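Data block for final15.pdb (PDB, C-alpha atoms):
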```pdb
MODEL        1
ATOM      1  CA  MET A   1      -2.694  15.178 -16.212
ATOM      2  CA  ALA A   2      -5.077  12.303 -15.473
ATOM      3  CA  ASP A   3      -4.581  10.270 -12.335
ATOM      4  CA  ARG A   4      -3.100   6.816 -12.675
ATOM      5  CA  VAL A   5      -4.849   4.089 -10.674
ATOM      6  CA  ARG A   6      -2.939   0.822 -10.375
ATOM      7  CA  LYS A   7      -3.871  -2.503  -8.863
ATOM      8  CA  VAL A   8      -1.070  -3.455  -6.490
ATOM      9  CA  ASN A   9      -0.180  -6.409  -4.317
ATOM     10  CA  TYR A  10       1.146  -6.149  -0.807
ATOM     11  CA  CYS A  11       1.859  -8.222   2.229
ATOM     12  CA  TYR A  12       2.587  -7.289   5.787
ATOM     13  CA  LEU A  13       4.558  -8.469   8.751
ATOM     14  CA  THR A  14       4.208  -7.728  12.424
ATOM     15  CA  VAL A  15       7.264  -6.777  14.474
ATOM     16  CA  THR A  16       7.903  -5.571  17.994
ATOM     17  CA  GLY A  17       7.448  -1.820  18.142
ATOM     18  CA  ARG A  18      11.065  -1.011  18.939
ATOM     19  CA  ALA A  19      13.427   1.408  17.282
ATOM     20  CA  GLY A  20      15.386  -0.125  14.416
ATOM     21  CA  HIS A  21      13.106  -2.968  13.305
ATOM     22  CA  GLY A  22      11.696  -1.074  10.334
ATOM     23  CA  ALA A  23      15.130   0.184   9.314
ATOM     24  CA  ARG A  24      16.566  -3.339   9.443
ATOM     25  CA  ILE A  25      13.746  -4.758   7.313
ATOM     26  CA  LEU A  26      13.917  -1.914   4.801
ATOM     27  CA  GLY A  27      17.697  -2.332   4.657
ATOM     28  CA  GLU A  28      17.426  -6.041   3.846
ATOM     29  CA  LEU A  29      14.910  -5.280   1.091
ATOM     30  CA  LYS A  30      17.128  -2.501  -0.302
ATOM     31  CA  ASP A  31      20.187  -4.767  -0.308
ATOM     32  CA  ALA A  32      18.210  -7.390  -2.239
ATOM     33  CA  GLY A  33      17.113  -4.810  -4.820
ATOM     34  CA  ALA A  34      13.414  -4.905  -3.912
ATOM     35  CA  ASP A  35      11.604  -1.970  -5.517
ATOM     36  CA  LEU A  36       8.945  -0.864  -3.038
ATOM     37  CA  LEU A  37       6.102   1.141  -4.518
ATOM     38  CA  ALA A  38       4.906   2.024  -1.029
ATOM     39  CA  PHE A  39       5.578   1.296   2.625
ATOM     40  CA  SER A  40       3.325   1.853   5.589
ATOM     41  CA  GLY A  41       4.098   1.208   9.230
ATOM     42  CA  PHE A  42       1.772   1.726  12.160
ATOM     43  CA  PRO A  43       1.282   0.473  15.724
ATOM     44  CA  VAL A  44      -1.020  -2.405  16.523
ATOM     45  CA  LYS A  45      -1.978  -3.813  19.905
ATOM     46  CA  GLY A  46       0.457  -5.522  22.214
ATOM     47  CA  GLY A  47       3.390  -3.169  21.613
ATOM     48  CA  LYS A  48       3.780  -4.364  18.039
ATOM     49  CA  ALA A  49       3.825  -2.639  14.669
ATOM     50  CA  GLN A  50       2.467  -3.715  11.293
ATOM     51  CA  LEU A  51       4.644  -3.039   8.251
ATOM     52  CA  ASP A  52       2.877  -3.100   4.877
ATOM     53  CA  LEU A  53       5.147  -3.776   1.897
ATOM     54  CA  VAL A  54       3.792  -2.838  -1.528
ATOM     55  CA  ALA A  55       6.251  -4.097  -4.130
ATOM     56  CA  GLN A  56       6.651  -4.568  -7.865
ATOM     57  CA  ASP A  57       8.076  -8.042  -7.278
ATOM     58  CA  MET A  58       6.352  -9.823  -4.387
ATOM     59  CA  ALA A  59       8.337 -13.003  -5.095
ATOM     60  CA  LEU A  60      11.567 -11.128  -4.281
ATOM     61  CA  VAL A  61      10.049  -9.768  -1.061
ATOM     62  CA  ARG A  62       9.049 -13.314  -0.106
ATOM     63  CA  ARG A  63      12.567 -14.633  -0.812
ATOM     64  CA  VAL A  64      14.077 -11.941   1.421
ATOM     65  CA  ALA A  65      11.513 -12.737   4.108
ATOM     66  CA  ARG A  66      12.270 -16.456   3.955
ATOM     67  CA  LYS A  67      16.020 -15.777   4.192
ATOM     68  CA  ASN A  68      15.486 -13.582   7.266
ATOM     69  CA  GLY A  69      12.798 -15.672   8.960
ATOM     70  CA  TRP A  70      10.062 -13.046   8.654
ATOM     71  CA  ARG A  71       6.452 -14.236   8.797
ATOM     72  CA  LEU A  72       4.622 -12.465   5.988
ATOM     73  CA  SER A  73       0.866 -12.393   5.525
ATOM     74  CA  GLU A  74      -0.645 -13.847   2.409
ATOM     75  CA  THR A  75      -0.575 -11.511  -0.571
ATOM     76  CA  LYS A  76      -3.342  -8.924  -0.445
ATOM     77  CA  LYS A  77      -4.604  -6.288  -2.873
ATOM     78  CA  ALA A  78      -4.875  -2.516  -2.789
ATOM     79  CA  PHE A  79      -4.826   0.429  -5.185
ATOM     80  CA  LEU A  80      -2.001   2.893  -5.746
ATOM     81  CA  ILE A  81      -3.250   6.207  -7.105
ATOM     82  CA  GLN A  82      -0.856   8.873  -8.387
ATOM     83  CA  GLY A  83      -1.629  12.181  -9.999
ATOM     84  CA  SER A  84      -1.631  15.954  -9.955
ATOM     85  CA  ASP A  85      -2.010  17.475  -6.514
ATOM     86  CA  GLU A  86      -5.016  19.754  -6.672
ATOM     87  CA  VAL A  87      -7.948  20.571  -4.440
ATOM     88  CA  GLY A  88     -10.299  17.581  -4.407
ATOM     89  CA  ALA A  89      -7.836  15.109  -5.924
ATOM     90  CA  ILE A  90      -8.437  12.508  -3.228
ATOM     91  CA  HIS A  91     -12.130  13.258  -2.853
ATOM     92  CA  ARG A  92     -12.962  12.349  -6.440
ATOM     93  CA  HIS A  93     -11.781   8.741  -5.991
ATOM     94  CA  ILE A  94     -13.450   8.284  -2.621
ATOM     95  CA  GLN A  95     -16.667   9.765  -4.021
ATOM     96  CA  LYS A  96     -16.657   7.388  -7.019
ATOM     97  CA  LEU A  97     -16.554   4.448  -4.625
ATOM     98  CA  THR A  98     -19.159   5.985  -2.328
ATOM     99  CA  ASP A  99     -21.505   6.513  -5.281
ATOM    100  CA  GLN A 100     -21.300   2.766  -5.956
ATOM    101  CA  ARG A 101     -21.768   1.937  -2.250
ATOM    102  CA  ILE A 102     -18.237   0.537  -1.927
ATOM    103  CA  ASN A 103     -16.773   1.130   1.516
ATOM    104  CA  VAL A 104     -13.167   2.298   1.757
ATOM    105  CA  THR A 105     -11.436   0.180   4.397
ATOM    106  CA  ALA A 106      -8.420   2.486   4.675
ATOM    107  CA  ALA A 107      -6.613   5.186   2.727
ATOM    108  CA  GLN A 108      -3.341   7.058   3.069
ATOM    109  CA  ALA A 109      -2.555  10.019   0.873
ATOM    110  CA  MET A 110       0.113  12.684   0.754
ATOM    111  CA  ALA A 111       1.544  15.416  -1.392
ATOM    112  CA  ALA A 112       4.639  14.173  -3.204
ATOM    113  CA  GLY A 113       6.052  17.557  -4.209
ATOM    114  CA  LYS A 114       6.251  19.211  -7.604
ATOM    115  CA  GLY A 115       2.468  19.264  -7.873
ATOM    116  CA  ARG A 116       1.991  15.495  -7.424
ATOM    117  CA  TYR A 117       0.269  13.289  -4.849
ATOM    118  CA  GLY A 118       0.008   9.598  -4.107
ATOM    119  CA  MET A 119      -2.565   7.509  -2.288
ATOM    120  CA  LEU A 120      -2.883   3.930  -1.156
ATOM    121  CA  LEU A 121      -6.486   2.802  -0.949
ATOM    122  CA  TRP A 122      -7.940  -0.412   0.424
ATOM    123  CA  VAL A 123     -11.382  -1.961   0.033
ATOM    124  CA  LYS A 124     -12.708  -5.305   1.214
ATOM    125  CA  PRO A 125     -11.638  -8.278  -0.934
ATOM    126  CA  LYS A 126     -15.265  -8.923  -1.971
ATOM    127  CA  ASP A 127     -15.408  -5.377  -3.401
ATOM    128  CA  TYR A 128     -11.992  -5.296  -5.075
ATOM    129  CA  ALA A 129     -12.971  -6.242  -8.630
ATOM    130  CA  ARG A 130     -15.923  -3.870  -8.640
ATOM    131  CA  ALA A 131     -13.797  -1.056  -7.169
ATOM    132  CA  ALA A 132     -11.153  -1.678  -9.839
ATOM    133  CA  GLY A 133     -13.801  -1.128 -12.500
ATOM    134  CA  VAL A 134     -15.158   2.010 -10.838
ATOM    135  CA  LEU A 135     -11.660   3.468 -10.473
ATOM    136  CA  LYS A 136     -10.610   2.270 -13.949
ATOM    137  CA  ALA A 137      -7.569   0.609 -12.376
ATOM    138  CA  LYS A 138      -5.019  -1.100 -14.557
TER     139      LYS A 138
ENDMDL
END
```

Turn this file's structure into structure tokens for me.
Amino acid sequence: MADRVRKVNYCYLTVTGRAGHGARILGELKDAGADLLAFSGFPVKGGKAQLDLVAQDMALVRRVARKNGWRLSETKKAFLIQGSDEVGAIHRHIQKLTDQRINVTAAQAMAAGKGRYGMLLWVKPKDYARAAGVLKAK
């Protein structure tokens, strides 16, 4: 099965790095019916955490944020790659970008079970359109 590479939008918010903040935010999004394609949370300086929200409907995420007083970043772009989990699955996409001298800003990948994997991949905004072409993103 061929990998599927999708252009996705995301935004992020910064919260204090205390237990429960992520669960509260995810709960509010769930209650509103927001379909998250991906979520990433990681520590940043000053005892804070950054939560990346990749969603089908960014307008809904923004409405929930406004209702709850969350300060979201502007909408940003990334790639969501899904496919068959096999040796070299991630490498082939990174190598395509490398061959075109496009630097990968960040990537997160994991096995999804049942022979599948998923990866979020970020490049600099100036390289996004070219990377989309190289990756044949839809």

* To do: Could you tell me which residues the PyMOL selection byres ((chain A and resi 84-101) around 7) returns for this structure, as a ChimeraX atom specification?
  => /A:1,3,83,102-103,111,115-117,131,134-135

* **Å distance separating CA of Ala129 in chain A from CA of Ala38 in chain A, one decimal place** =>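 So the answer is 21.1 Å.
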
* To do: Write out as a PyMOL selection string each polymer residue whose atoms come within 10 Å of Ala55 in chain A, counting all atoms listed in the file; drop sequence neighbours fewer than 3 positions from it.
  => chain A and resi 8-11+34-39+52+58-61

Go ahead and write the residues just picked, C-alpha atoms, as a short mmCIF file (atom, residue, chain, number, x, y, z; two decimals), keeping the file's coordinate frame.
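Dumped everything to part_2.cif:
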```cif
data_model
loop_
_atom_site.label_atom_id
_atom_site.label_comp_id
_atom_site.auth_asym_id
_atom_site.auth_seq_id
_atom_site.Cartn_x
_atom_site.Cartn_y
_atom_site.Cartn_z
CA VAL A 8 -1.07 -3.46 -6.49
CA ASN A 9 -0.18 -6.41 -4.32
CA TYR A 10 1.15 -6.15 -0.81
CA CYS A 11 1.86 -8.22 2.23
CA ALA A 34 13.41 -4.90 -3.91
CA ASP A 35 11.60 -1.97 -5.52
CA LEU A 36 8.94 -0.86 -3.04
CA LEU A 37 6.10 1.14 -4.52
CA ALA A 38 4.91 2.02 -1.03
CA PHE A 39 5.58 1.30 2.62
CA ASP A 52 2.88 -3.10 4.88
CA MET A 58 6.35 -9.82 -4.39
CA ALA A 59 8.34 -13.00 -5.10
CA LEU A 60 11.57 -11.13 -4.28
CA VAL A 61 10.05 -9.77 -1.06
#
```

* To do: Determine the nearest neighbour of Val123 in chain A from the options A:Thr105, A:Lys67, A:Val44, A:Glu74, counting all atoms listed in the file.
  =>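 Among A:Thr105, A:Lys67, A:Val44, A:Glu74, it is A:Thr105 that comes nearest to Val123 in chain A.
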
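For the structure in this document, the set picked by the PyMOL selection byres ((chain A and resi 79) around 8) is Val5, Arg6, Lys7, Val8, Lys77, Ala78, Leu80, Ile81, Met119, Leu120, Leu121, Trp122 and Ala137 of chain A.
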
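Take the candidates A:Leu13, A:Gln82, A:Gly41, A:Ala106 and check each one against Gly69 in chain A using only C-alpha atoms; the shortest distance goes to A:Leu13.
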
Take every atom of range 90-93 of chain A listed in the file, pad by 8 Å on each side, and give me the axis-aligned box centre and edge lengths in Å, one decimal, as JSON.
```
{"center_x": -10.7, "center_y": 11.0, "center_z": -4.6, "size_x": 20.5, "size_y": 20.5, "size_z": 19.6}
```

* What is the distance between CA of Ala2 in chain A and CA of Lys126 in chain A, in Å to one decimal? ->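 Between CA of Ala2 in chain A and CA of Lys126 in chain A the gap is 27.1 Å.
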
* Could you work out how far CA of Gln56 in chain A lies from CA of Gly22 in chain A, giving the answer in Å with one decimal? -> 19.2 Å
